[in-house]
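Next comes structure-v2.cif, a file with mmCIF, C-alpha atoms and all ligand atoms.
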```cif
data_my_file
loop_
_atom_site.label_atom_id
_atom_site.label_comp_id
_atom_site.auth_asym_id
_atom_site.auth_seq_id
_atom_site.Cartn_x
_atom_site.Cartn_y
_atom_site.Cartn_z
CA THR A 28 22.86 -5.69 16.10
CA ALA A 29 23.03 -8.80 13.94
CA ALA A 30 21.00 -10.78 16.49
CA GLN A 31 18.01 -8.45 16.15
CA LYS A 32 18.11 -9.06 12.41
CA ASP A 33 17.41 -12.76 12.91
CA GLY A 34 20.18 -13.69 10.49
CA TYR A 35 18.96 -11.35 7.75
CA PRO A 36 21.53 -8.86 6.38
CA HIS A 37 19.18 -5.87 6.86
CA PHE A 38 16.10 -4.95 8.88
CA MET A 39 14.22 -4.18 5.68
CA ILE A 40 14.42 -7.71 4.30
CA LYS A 41 13.62 -9.14 7.71
CA GLU A 42 10.54 -6.94 7.89
CA ILE A 43 9.50 -7.89 4.34
CA HIS A 44 9.55 -11.52 5.45
CA GLU A 45 7.57 -10.74 8.62
CA GLN A 46 4.55 -9.60 6.63
CA PRO A 47 2.51 -12.83 6.66
CA ALA A 48 2.73 -13.03 10.47
CA ALA A 49 2.07 -9.30 10.88
CA ILE A 50 -1.11 -9.50 8.81
CA THR A 51 -2.38 -12.52 10.74
CA ARG A 52 -1.67 -10.76 14.06
CA THR A 53 -3.50 -7.64 12.90
CA ILE A 54 -6.65 -9.20 11.44
CA THR A 55 -7.26 -12.19 13.74
CA PRO A 56 -8.50 -10.20 16.79
CA ARG A 57 -10.91 -8.33 14.46
CA ILE A 58 -12.62 -11.38 12.99
CA LYS A 59 -15.48 -13.09 14.82
CA ASP A 60 -17.64 -15.73 13.20
CA MET A 61 -15.80 -14.95 9.91
CA LEU A 62 -17.03 -11.35 9.96
CA PRO A 63 -15.20 -8.10 10.76
CA ASP A 64 -15.65 -7.16 14.42
CA PHE A 65 -14.09 -4.17 16.13
CA SER A 66 -15.38 -4.78 19.64
CA GLU A 67 -11.83 -5.35 20.91
CA ASP A 68 -11.00 -1.85 19.72
CA ALA A 69 -14.14 -0.60 21.50
CA ILE A 70 -15.38 0.96 18.26
CA ALA A 71 -19.14 1.43 18.64
CA ASP A 72 -21.31 0.18 15.76
CA SER A 73 -22.81 3.67 15.56
CA PHE A 74 -19.41 4.87 14.31
CA PHE A 75 -20.01 2.98 11.05
CA GLU A 76 -23.55 4.35 10.61
CA ASN A 77 -24.68 7.64 9.07
CA VAL A 78 -21.46 8.36 7.21
CA SER A 79 -21.87 10.93 4.43
CA ASP A 80 -18.27 10.91 3.20
CA ILE A 81 -14.80 9.80 4.24
CA THR A 82 -11.47 11.63 4.18
CA ILE A 83 -8.31 9.61 4.65
CA VAL A 84 -5.33 11.70 5.78
CA ALA A 85 -1.69 10.58 6.01
CA CYS A 86 1.87 11.06 4.73
CA GLY A 87 4.19 8.92 2.64
CA THR A 88 3.61 5.19 2.56
CA ALA A 89 0.68 5.49 4.98
CA MET A 90 -0.99 7.82 2.47
CA TYR A 91 -0.51 5.24 -0.28
CA ALA A 92 -2.12 2.62 1.98
CA GLY A 93 -4.98 5.12 2.24
CA MET A 94 -5.31 5.18 -1.54
CA VAL A 95 -5.97 1.45 -1.55
CA GLY A 96 -8.42 1.98 1.32
CA LYS A 97 -10.23 4.63 -0.69
CA THR A 98 -10.80 2.29 -3.62
CA MET A 99 -11.93 -0.56 -1.39
CA ILE A 100 -14.39 1.60 0.55
CA GLN A 101 -15.71 3.68 -2.31
CA ASN A 102 -16.38 0.69 -4.56
CA ARG A 103 -18.69 -0.76 -1.91
CA LEU A 104 -20.25 2.25 -0.21
CA HIS A 105 -20.70 4.54 -3.20
CA ILE A 106 -20.04 7.61 -1.06
CA PRO A 107 -17.25 10.10 -1.72
CA VAL A 108 -13.91 8.98 -0.28
CA THR A 109 -10.96 11.35 -0.57
CA VAL A 110 -7.30 10.83 0.23
CA ALA A 111 -5.52 13.92 1.48
CA ILE A 112 -1.82 14.58 1.98
CA ALA A 113 -1.65 15.68 5.62
CA SER A 114 0.67 18.63 4.96
CA GLU A 115 -1.86 19.95 2.42
CA PHE A 116 -5.07 19.11 4.27
CA ARG A 117 -4.04 20.96 7.41
CA TYR A 118 -3.71 24.27 5.56
CA GLU A 119 -6.88 23.94 3.46
CA GLU A 120 -10.50 24.76 4.23
CA PRO A 121 -11.78 21.32 5.23
CA VAL A 122 -15.00 20.20 3.54
CA ILE A 123 -16.11 18.01 6.42
CA ASN A 124 -19.06 18.03 8.83
CA GLU A 125 -20.30 15.92 11.76
CA LYS A 126 -21.35 13.09 9.42
CA SER A 127 -17.92 12.94 7.79
CA MET A 128 -15.57 10.19 8.85
CA VAL A 129 -11.88 11.05 8.96
CA ILE A 130 -9.39 8.18 8.98
CA VAL A 131 -5.83 9.11 9.88
CA VAL A 132 -3.09 6.59 9.07
CA SER A 133 0.37 6.57 10.67
CA GLN A 134 2.90 3.93 11.53
CA SER A 135 4.64 6.03 14.20
CA GLY A 136 1.59 7.96 15.37
CA GLU A 137 3.88 10.99 15.71
CA THR A 138 4.17 12.52 12.22
CA ILE A 139 3.51 16.18 12.99
CA ASP A 140 1.59 17.04 9.79
CA THR A 141 -0.70 14.05 10.30
CA LEU A 142 -1.24 14.93 13.96
CA GLU A 143 -2.11 18.54 13.09
CA ALA A 144 -4.48 17.34 10.36
CA LEU A 145 -6.21 15.17 12.97
CA ARG A 146 -6.48 18.11 15.37
CA LEU A 147 -8.14 20.12 12.61
CA ALA A 148 -10.55 17.27 11.77
CA ASN A 149 -11.44 16.91 15.46
CA LYS A 150 -12.90 20.42 15.32
CA TYR A 151 -15.44 19.35 12.69
CA THR A 152 -16.40 15.75 13.50
CA LYS A 153 -16.35 13.19 16.30
CA LYS A 154 -15.99 10.43 13.72
CA THR A 155 -12.20 10.32 13.72
CA LEU A 156 -10.39 7.00 13.57
CA SER A 157 -6.66 6.44 13.52
CA ILE A 158 -4.87 3.40 12.13
CA VAL A 159 -1.62 3.43 14.09
CA ASN A 160 1.19 0.99 14.82
CA VAL A 161 2.82 2.53 17.90
CA LYS A 162 0.77 2.09 21.06
CA GLY A 163 -0.03 5.20 23.06
CA SER A 164 1.35 7.57 20.40
CA SER A 165 -0.03 11.10 20.03
CA ILE A 166 -2.25 10.34 17.03
CA ALA A 167 -3.70 7.27 18.78
CA ARG A 168 -4.46 9.34 21.90
CA GLU A 169 -6.09 12.25 20.11
CA SER A 170 -8.45 10.38 17.75
CA SER A 171 -11.95 9.31 18.83
CA TYR A 172 -11.14 5.70 18.01
CA VAL A 173 -7.94 3.83 17.29
CA LEU A 174 -7.30 0.66 15.37
CA TYR A 175 -3.84 -0.58 16.29
CA THR A 176 -1.97 -2.47 13.62
CA HIS A 177 0.25 -5.21 15.00
CA ALA A 178 3.22 -4.99 12.65
CA GLY A 179 5.61 -5.02 15.61
CA PRO A 180 8.51 -2.54 15.67
CA GLU A 181 9.51 -1.37 12.19
CA ILE A 182 13.18 -0.38 12.18
CA ALA A 183 14.03 0.09 8.48
CA VAL A 184 13.27 3.65 7.35
CA ALA A 185 11.43 2.44 4.25
CA SER A 186 8.10 1.11 5.42
CA THR A 187 7.06 -2.40 4.36
CA LYS A 188 5.15 -4.45 6.92
CA ALA A 189 3.49 -1.35 8.39
CA TYR A 190 1.99 -0.67 4.94
CA THR A 191 0.56 -4.14 4.40
CA VAL A 192 -1.10 -4.22 7.82
CA GLN A 193 -2.58 -0.77 7.21
CA VAL A 194 -4.01 -2.05 3.93
CA ALA A 195 -5.34 -5.21 5.62
CA SER A 196 -7.03 -3.00 8.24
CA PHE A 197 -8.71 -1.01 5.47
CA TYR A 198 -10.03 -4.26 3.97
CA LEU A 199 -11.72 -5.14 7.26
CA LEU A 200 -13.05 -1.59 7.65
CA ALA A 201 -14.43 -1.57 4.09
CA CYS A 202 -16.18 -4.86 4.77
CA LYS A 203 -17.59 -3.63 8.10
CA LEU A 204 -18.84 -0.37 6.61
CA ALA A 205 -20.46 -2.19 3.70
CA MET A 206 -22.20 -4.62 6.04
CA THR A 207 -23.44 -1.88 8.35
CA GLN A 208 -24.87 0.00 5.40
CA GLN A 209 -26.30 -3.17 3.85
CA LYS A 210 -24.21 -2.89 0.73
CA ILE A 211 -23.06 -6.52 0.93
CA SER A 212 -24.64 -9.69 2.26
CA VAL A 213 -23.34 -11.64 5.24
CA GLU A 214 -22.36 -14.40 2.84
CA GLU A 215 -20.33 -12.04 0.65
CA ALA A 216 -18.67 -10.60 3.76
CA ARG A 217 -17.67 -14.09 4.93
CA THR A 218 -16.15 -14.92 1.55
CA PHE A 219 -14.24 -11.62 1.61
CA VAL A 220 -12.90 -12.22 5.14
CA GLY A 221 -12.00 -15.81 4.20
CA THR A 222 -9.85 -14.55 1.31
CA LEU A 223 -8.18 -11.97 3.54
CA GLN A 224 -7.25 -14.74 5.99
CA GLU A 225 -5.54 -16.61 3.13
CA ILE A 226 -3.39 -13.64 2.11
CA PRO A 227 -0.46 -14.52 4.41
CA ASN A 228 -0.14 -17.89 2.62
CA TYR A 229 -0.12 -16.20 -0.77
CA ILE A 230 2.55 -13.77 0.42
CA GLU A 231 4.69 -16.73 1.50
CA GLU A 232 4.46 -18.06 -2.07
CA VAL A 233 5.55 -14.69 -3.42
CA LEU A 234 8.46 -14.47 -0.97
CA ALA A 235 9.75 -17.75 -2.35
CA GLN A 236 10.44 -15.86 -5.61
CA ALA A 237 12.99 -13.58 -3.88
CA PRO A 238 16.03 -15.17 -5.63
CA ASP A 239 14.44 -14.53 -9.06
CA ILE A 240 13.72 -10.93 -8.12
CA GLU A 241 17.30 -10.44 -6.94
CA GLN A 242 18.43 -11.75 -10.33
CA LEU A 243 16.26 -9.40 -12.37
CA THR A 244 17.34 -6.30 -10.41
CA LYS A 245 20.83 -6.71 -11.91
CA ARG A 246 19.20 -5.02 -14.88
CA MET A 247 17.92 -2.12 -12.71
CA ILE A 248 21.17 -1.12 -11.03
CA ASN A 249 22.36 1.18 -13.81
CA ALA A 250 19.00 2.76 -14.54
CA ASN A 251 18.52 6.50 -14.04
CA ASN A 252 14.76 6.36 -14.41
CA ALA A 253 12.07 3.76 -13.90
CA PHE A 254 8.30 3.79 -14.36
CA PHE A 255 5.59 1.85 -12.59
CA ILE A 256 2.36 1.56 -14.52
CA GLY A 257 -1.04 0.02 -13.87
CA ARG A 258 -4.74 0.82 -13.67
CA GLY A 259 -7.20 0.80 -10.80
CA LEU A 260 -5.87 -0.87 -7.66
CA ASP A 261 -2.66 -1.66 -9.53
CA TYR A 262 -2.11 2.06 -10.03
CA THR A 263 -2.51 2.86 -6.32
CA LEU A 264 0.08 0.20 -5.69
CA CYS A 265 2.46 1.55 -8.33
CA MET A 266 2.73 4.75 -6.29
CA GLU A 267 4.04 2.76 -3.34
CA GLY A 268 6.36 0.75 -5.63
CA ALA A 269 7.87 3.92 -7.10
CA LEU A 270 8.28 5.49 -3.66
CA LYS A 271 10.12 2.41 -2.34
CA LEU A 272 12.54 2.42 -5.28
CA LYS A 273 13.20 6.16 -4.95
CA GLU A 274 13.73 6.00 -1.21
CA ILE A 275 16.40 3.33 -1.07
CA SER A 276 17.94 3.01 -4.54
CA TYR A 277 17.92 6.73 -5.49
CA ILE A 278 16.63 5.87 -8.94
CA HIS A 279 14.14 8.42 -10.19
CA ALA A 280 10.92 6.46 -10.28
CA GLU A 281 7.40 7.57 -11.14
CA ALA A 282 4.06 5.86 -11.00
CA TYR A 283 1.61 6.45 -13.81
CA ALA A 284 -1.93 5.42 -14.44
CA ALA A 285 -1.21 3.35 -17.55
CA GLY A 286 -3.85 5.14 -19.64
CA GLU A 287 -2.32 8.52 -18.84
CA LEU A 288 1.15 7.68 -20.21
CA LYS A 289 0.24 8.84 -23.69
CA HIS A 290 -0.48 12.32 -22.34
CA GLY A 291 3.12 13.08 -21.54
CA THR A 292 5.24 10.55 -19.73
CA ILE A 293 5.69 8.26 -22.71
CA ALA A 294 8.03 10.96 -24.06
CA LEU A 295 10.50 9.84 -21.37
CA VAL A 296 10.46 6.19 -22.36
CA SER A 297 13.56 5.36 -24.37
CA GLU A 298 15.74 2.33 -25.05
CA GLY A 299 16.32 0.23 -21.94
CA VAL A 300 14.27 2.24 -19.45
CA PRO A 301 12.76 -0.18 -16.91
CA VAL A 302 8.98 -0.17 -16.86
CA ILE A 303 7.39 -2.24 -14.13
CA ALA A 304 3.83 -2.99 -15.16
CA ALA A 305 1.08 -4.57 -13.09
CA ALA A 306 -1.81 -6.17 -14.96
CA THR A 307 -3.83 -7.99 -12.33
CA GLN A 308 -7.26 -6.36 -12.69
CA LYS A 309 -9.46 -8.25 -15.13
CA HIS A 310 -11.72 -5.35 -16.12
CA VAL A 311 -8.77 -3.30 -17.41
CA TYR A 312 -6.37 -6.11 -18.32
CA SER A 313 -6.48 -5.72 -22.10
CA LYS A 314 -6.13 -1.94 -21.77
CA VAL A 315 -2.97 -2.28 -19.66
CA ILE A 316 -1.54 -4.79 -22.11
CA SER A 317 -1.96 -2.36 -24.98
CA ASN A 318 -0.28 0.37 -22.89
CA ILE A 319 2.60 -2.04 -22.30
CA ARG A 320 2.91 -2.63 -26.04
CA GLU A 321 3.29 1.14 -26.48
CA VAL A 322 6.26 1.34 -24.09
CA LYS A 323 7.78 -1.88 -25.40
CA ALA A 324 7.65 -0.45 -28.93
CA ARG A 325 9.85 2.40 -27.64
CA GLY A 326 12.46 0.04 -26.28
CA ALA A 327 11.47 -0.16 -22.61
CA TYR A 328 12.71 -3.04 -20.51
CA VAL A 329 9.36 -4.39 -19.29
CA ILE A 330 8.86 -6.35 -16.10
CA LEU A 331 5.26 -7.57 -16.08
CA LEU A 332 3.37 -8.74 -13.00
CA SER A 333 0.22 -10.71 -13.73
CA LYS A 334 -1.73 -13.77 -12.73
CA ASP A 335 -1.19 -15.37 -16.15
CA LYS A 336 0.51 -18.75 -15.82
CA GLU A 337 2.64 -17.78 -18.77
CA ILE A 338 2.78 -15.07 -21.37
CA THR A 339 2.37 -16.63 -24.80
CA ASP A 340 3.40 -13.52 -26.72
CA PRO A 341 7.06 -12.90 -25.77
CA SER A 342 7.04 -9.50 -27.46
CA ILE A 343 5.04 -7.99 -24.57
CA CYS A 344 7.66 -8.14 -21.84
CA ASP A 345 11.25 -8.98 -20.96
CA VAL A 346 10.45 -10.60 -17.63
CA HIS A 347 7.15 -12.03 -16.46
CA ILE A 348 6.41 -12.44 -12.76
CA ASN A 349 3.57 -14.84 -12.16
CA LEU A 350 1.44 -14.01 -9.13
CA PRO A 351 -0.57 -16.66 -7.27
CA ASP A 352 -4.19 -16.69 -8.40
CA VAL A 353 -6.35 -14.83 -5.91
CA SER A 354 -9.37 -12.60 -6.62
CA ASP A 355 -8.50 -9.25 -8.21
CA GLU A 356 -9.04 -7.09 -5.12
CA PHE A 357 -6.44 -9.07 -3.20
CA THR A 358 -3.59 -9.33 -5.73
CA ILE A 359 -2.08 -6.06 -4.57
CA PHE A 360 -0.84 -7.80 -1.42
CA GLU A 361 1.24 -10.00 -3.71
CA SER A 362 2.41 -7.28 -6.08
CA VAL A 363 3.55 -4.97 -3.30
CA VAL A 364 5.86 -7.67 -1.95
CA ILE A 365 7.43 -7.97 -5.41
CA PHE A 366 7.84 -4.17 -5.51
CA GLN A 367 9.47 -4.18 -2.07
CA LEU A 368 11.88 -6.92 -3.16
CA ILE A 369 12.73 -5.05 -6.38
CA ALA A 370 13.57 -1.92 -4.35
CA TYR A 371 15.52 -3.85 -1.73
CA TYR A 372 17.68 -5.87 -4.12
CA THR A 373 18.29 -2.86 -6.37
CA SER A 374 19.54 -0.90 -3.36
CA VAL A 375 21.76 -3.74 -2.17
CA GLY A 376 22.98 -4.33 -5.74
CA LYS A 377 24.07 -0.69 -5.89
CA GLY A 378 26.07 -1.18 -2.69
CA LEU A 379 23.73 1.03 -0.64
CA ASN A 380 22.37 0.43 2.85
CA PRO A 381 18.61 0.07 2.41
CA ASP A 382 18.00 0.48 6.15
CA GLN A 383 19.54 3.98 6.27
CA PRO A 384 18.64 5.95 3.14
CA ARG A 385 20.19 9.40 2.85
CA ASN A 386 18.07 12.43 3.82
CA LEU A 387 15.18 10.35 5.20
CA ALA A 388 13.94 9.84 8.74
CA LYS A 389 11.73 7.10 10.12
CA SER A 390 9.42 9.52 11.82
CA VAL A 391 9.11 13.14 10.75
CA THR A 392 8.27 15.51 13.57
CA VAL A 393 9.29 18.68 11.75
CA GLU A 394 6.95 20.73 9.59
C1 LIG A 401 8.52 9.18 6.87
C2 LIG A 401 8.96 7.74 6.67
C3 LIG A 401 7.96 7.01 5.76
C4 LIG A 401 6.56 7.12 6.32
C5 LIG A 401 6.15 8.57 6.58
C6 LIG A 401 4.87 8.66 7.40
O1 LIG A 401 8.64 9.87 5.67
O2 LIG A 401 10.24 7.70 6.11
O3 LIG A 401 8.31 5.63 5.64
O4 LIG A 401 5.65 6.52 5.42
O5 LIG A 401 7.15 9.25 7.33
O6 LIG A 401 5.13 8.12 8.66
P1 LIG A 401 4.04 7.59 9.63
O7 LIG A 401 4.76 7.16 10.88
O8 LIG A 401 3.09 8.74 9.90
O9 LIG A 401 3.34 6.45 8.98
#
```
Rewrite the structure of this file - the entire thing - as structure tokens.
Amino acid sequence: TAAQKDGYPHFMIKEIHEQPAAITRTITPRIKDMLPDFSEDAIADSFFENVSDITIVACGTAMYAGMVGKTMIQNRLHIPVTVAIASEFRYEEPVINEKSMVIVVSQSGETIDTLEALRLANKYTKKTLSIVNVKGSSIARESSYVLYTHAGPEIAVASTKAYTVQVASFYLLACKLAMTQQKISVEEARTFVGTLQEIPNYIEEVLAQAPDIEQLTKRMINANNAFFIGRGLDYTLCMEGALKLKEISYIHAEAYAAGELKHGTIALVSEGVPVIAAATQKHVYSKVISNIREVKARGAYVILLSKDKEITDPSICDVHINLPDVSDEFTIFESVVIFQLIAYYTSVGKGLNPDQPRNLAKSVTVE
């Protein structure tokens, strides 16, 4: 009913706006003395010790949250971290042993492929952790440990707030693992946690740009194809951006690691094709910019997300979205909100109902 939507026209846009509060609710109980602390979840410290490798298993948006988690954990721990699609993992020969940690991510806690993947992992290791939103769900019950995200009920089929709280949970886990294994100092951990606590404020700033995003999607409505490009963390995020656009606007959208474009996909870039480019990671910034020049030279309509106050060379992009200045590892929380808004307003602009996309279900319990 309209009342449940709090005055918003759709659940999806309501849930997009709930993200700052959802993140605060999820991280606050897991921060003590400005450090990650999972005592409320009854996760023993020994769980974070003696980890030889980590496999993250999930489906859909939860899997893309896992990709961010992989980067965050691997960059600190320097151990192999793999992301597996649950429907693939469950039919493969698992390369895991009792020192392997398996992290299963699911909003509903009932996705059958993810549940079966967990059951398989349980045969090999006791170090299974689920990141789940729905209390008491099957995946939460069957994993050794559970970290509940506090997104609140997510009604829209396309996941938004559940994703950002999953990512925030991975940030705390990465920090905890790194501390346990003495890969970062207490001081560094406190700075990291302090930045994470600020993220809800930065998201509020980004949400204030919603009217501008609605405006720019007028240019997306007639597109048949769109590409999301970036490198590093930006690339992991592009996958979620492309998925959102596909799910609710039915525009064929693909995410590409910007450096890989020249090996095939650039053949698809022609006059007017929207390319949404994220350039927020300093160490690859100039590389992404030169990739953008390549698509621009072929007539793409480029929407650029970056932390630059302004773009001095107007030939790079058609629209520039300025993101609030936060350290590189945290910008993805800002960019994903822009991507969600692009998908939402494109869907609405096409006269579609973003809450009820065709052919999709909120929770998939069929194999
Ligand atoms: C369905 C939903 C997606 C979701 C995926 C995994 O496909 O439409 O939004 O990401 O299932 O769901 P889960 O509940 O396991 O996170």
Please give me, as an MDAnalysis selection string, the residues lying within 8 Å of ligand LIG 401 (chain A) when counting only C-alpha atoms and all ligand atoms.
-> chainID A and resid 85:90 132:138 141 159 184:186 189 387:391
When you draw a straight line from CA of Phe75 in chain A to CA of Thr263 in chain A, how long is it in Å?
->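 If I compute the distance from CA of Phe75 in chain A to CA of Thr263 in chain A, I get 24.7 Å.
When all atoms listed in the file are used to compute distances to Val122 in chain A, the closest of the residues A:His105, A:His279, A:Lys97, A:Lys150 turns out to be A:Lys150.
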Select, from A:Phe255, A:Tyr262, A:Arg385, A:Ser354, the residue with the minimum atom-to-atom distance to Val322 in chain A, counting only C-alpha atoms.
->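 Result for the nearest residue to Val322 in chain A: A:Phe255.
Counting from CA of Gln383 in chain A, the distance to CA of Phe38 in chain A is 9.9 Å.
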Please check which residues have atoms at most 9 Å from (17.5, -9.7, -4.9) in the file's coordinates, counting all atoms listed in the file, and write them as number ranges by chain.
-> A: 237-245, 368-373, 375-376
